[in-house]
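J.: Sharing a structure here in C-alpha cells format.
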Amino acid sequence: MNEVRFYPSNKAEALAYLYMEKQDLSDKTPEDIVDMYNEVYDRIVRKMNAIPSGRPKTGF
C-alpha cells in the first residue's frame with residue numbers, strides 16, 4: 001500500500017500528525033483514527049493558545 005503524505009498547513013497540524021504517526025493504529029477503525037486525531041489536534045491547539053506569545057526571556 002502506498003504511504004500517503006501531506007503538508008500540514010500549520011504547527012498544530014504538524015504536531016498532531018507526528019503524534020498520530022507514532023501510534024499503533026492496527027486495531028483502530030477509520031472513525032477511531034479521526035476521533036483520535038481531532039482530540040490530539042484540539043489538545044495541541046489549547047496548549048499552544050495557553051502559552052503566552054513572544055519569546056521567553058533568555059540571558060543574564
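Here, A, B, ... name the chains of the C-alpha cells in the order displayed, residue numbers run from 1 inside each chain, and ligands are numbered from 1 in the same displayed order.
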Which residues in chain A does DSSP call alpha helix (DSSP H)? List them as JSON, numbers by chain.

T.: {"A": [11, 12, 13, 14, 15, 16, 17, 18, 19, 20, 21, 30, 31, 32, 33, 34, 35, 36, 37, 38, 39, 40, 41, 42, 43, 44, 45, 46, 47, 48, 49, 50]}

J.: Just the selected residues (N, CA and C atoms), exported as a compact mmCIF listing (two decimals), in the first residue's frame, please.

T.:
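Saved the output as again-v6.txt:
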# COMPACT_ATOMS: atom_id res chain seq x y z
N LYS A 11 1.50 24.61 12.54
CA LYS A 11 2.28 23.87 13.52
C LYS A 11 1.43 22.82 14.25
N ALA A 12 0.20 23.16 14.60
CA ALA A 12 -0.66 22.22 15.32
C ALA A 12 -0.94 20.98 14.47
N GLU A 13 -1.22 21.17 13.20
CA GLU A 13 -1.44 20.02 12.32
C GLU A 13 -0.19 19.15 12.23
N ALA A 14 0.96 19.79 12.12
CA ALA A 14 2.21 19.04 12.02
C ALA A 14 2.46 18.22 13.27
N LEU A 15 2.24 18.82 14.44
CA LEU A 15 2.46 18.10 15.69
C LEU A 15 1.46 16.96 15.86
N ALA A 16 0.21 17.21 15.52
CA ALA A 16 -0.81 16.15 15.62
C ALA A 16 -0.47 15.00 14.68
N TYR A 17 -0.03 15.33 13.49
CA TYR A 17 0.35 14.30 12.52
C TYR A 17 1.52 13.48 13.05
N LEU A 18 2.54 14.14 13.58
CA LEU A 18 3.70 13.43 14.12
C LEU A 18 3.29 12.51 15.27
N TYR A 19 2.41 13.00 16.13
CA TYR A 19 1.94 12.18 17.24
C TYR A 19 1.20 10.95 16.73
N MET A 20 0.28 11.16 15.81
CA MET A 20 -0.51 10.05 15.28
C MET A 20 0.35 9.04 14.54
N GLU A 21 1.39 9.53 13.88
CA GLU A 21 2.27 8.65 13.12
C GLU A 21 2.95 7.62 14.03
N PRO A 30 -11.33 3.54 10.90
CA PRO A 30 -11.12 4.91 10.37
C PRO A 30 -11.79 5.96 11.25
N GLU A 31 -12.95 5.64 11.76
CA GLU A 31 -13.66 6.58 12.63
C GLU A 31 -12.88 6.82 13.93
N ASP A 32 -12.29 5.75 14.49
CA ASP A 32 -11.47 5.89 15.68
C ASP A 32 -10.28 6.82 15.42
N ILE A 33 -9.66 6.65 14.26
CA ILE A 33 -8.49 7.46 13.92
C ILE A 33 -8.86 8.93 13.78
N VAL A 34 -10.00 9.19 13.15
CA VAL A 34 -10.47 10.58 13.03
C VAL A 34 -10.70 11.18 14.41
N ASP A 35 -11.36 10.42 15.27
CA ASP A 35 -11.61 10.92 16.64
C ASP A 35 -10.30 11.17 17.38
N MET A 36 -9.35 10.24 17.25
CA MET A 36 -8.05 10.40 17.91
C MET A 36 -7.33 11.64 17.40
N TYR A 37 -7.28 11.79 16.08
CA TYR A 37 -6.59 12.95 15.50
C TYR A 37 -7.22 14.25 15.98
N ASN A 38 -8.54 14.32 15.93
CA ASN A 38 -9.22 15.55 16.34
C ASN A 38 -8.98 15.86 17.81
N GLU A 39 -8.97 14.84 18.65
CA GLU A 39 -8.71 15.05 20.07
C GLU A 39 -7.28 15.56 20.29
N VAL A 40 -6.32 14.92 19.64
CA VAL A 40 -4.92 15.34 19.77
C VAL A 40 -4.74 16.76 19.22
N TYR A 41 -5.30 17.03 18.07
CA TYR A 41 -5.19 18.37 17.46
C TYR A 41 -5.77 19.43 18.41
N ASP A 42 -6.96 19.16 18.96
CA ASP A 42 -7.59 20.12 19.86
C ASP A 42 -6.75 20.35 21.11
N ARG A 43 -6.17 19.28 21.66
CA ARG A 43 -5.31 19.42 22.84
C ARG A 43 -4.08 20.27 22.52
N ILE A 44 -3.49 20.04 21.37
CA ILE A 44 -2.32 20.81 20.96
C ILE A 44 -2.68 22.28 20.79
N VAL A 45 -3.79 22.57 20.13
CA VAL A 45 -4.21 23.95 19.93
C VAL A 45 -4.48 24.64 21.27
N ARG A 46 -5.15 23.95 22.18
CA ARG A 46 -5.42 24.53 23.50
C ARG A 46 -4.12 24.85 24.23
N LYS A 47 -3.16 23.92 24.17
CA LYS A 47 -1.87 24.15 24.82
C LYS A 47 -1.13 25.31 24.18
N MET A 48 -1.13 25.36 22.85
CA MET A 48 -0.45 26.45 22.16
C MET A 48 -1.09 27.80 22.48
N ASN A 49 -2.40 27.84 22.61
CA ASN A 49 -3.09 29.08 22.94
C ASN A 49 -2.85 29.51 24.39
N ALA A 50 -2.51 28.56 25.25
CA ALA A 50 -2.27 28.88 26.66
C ALA A 50 -0.87 29.43 26.89
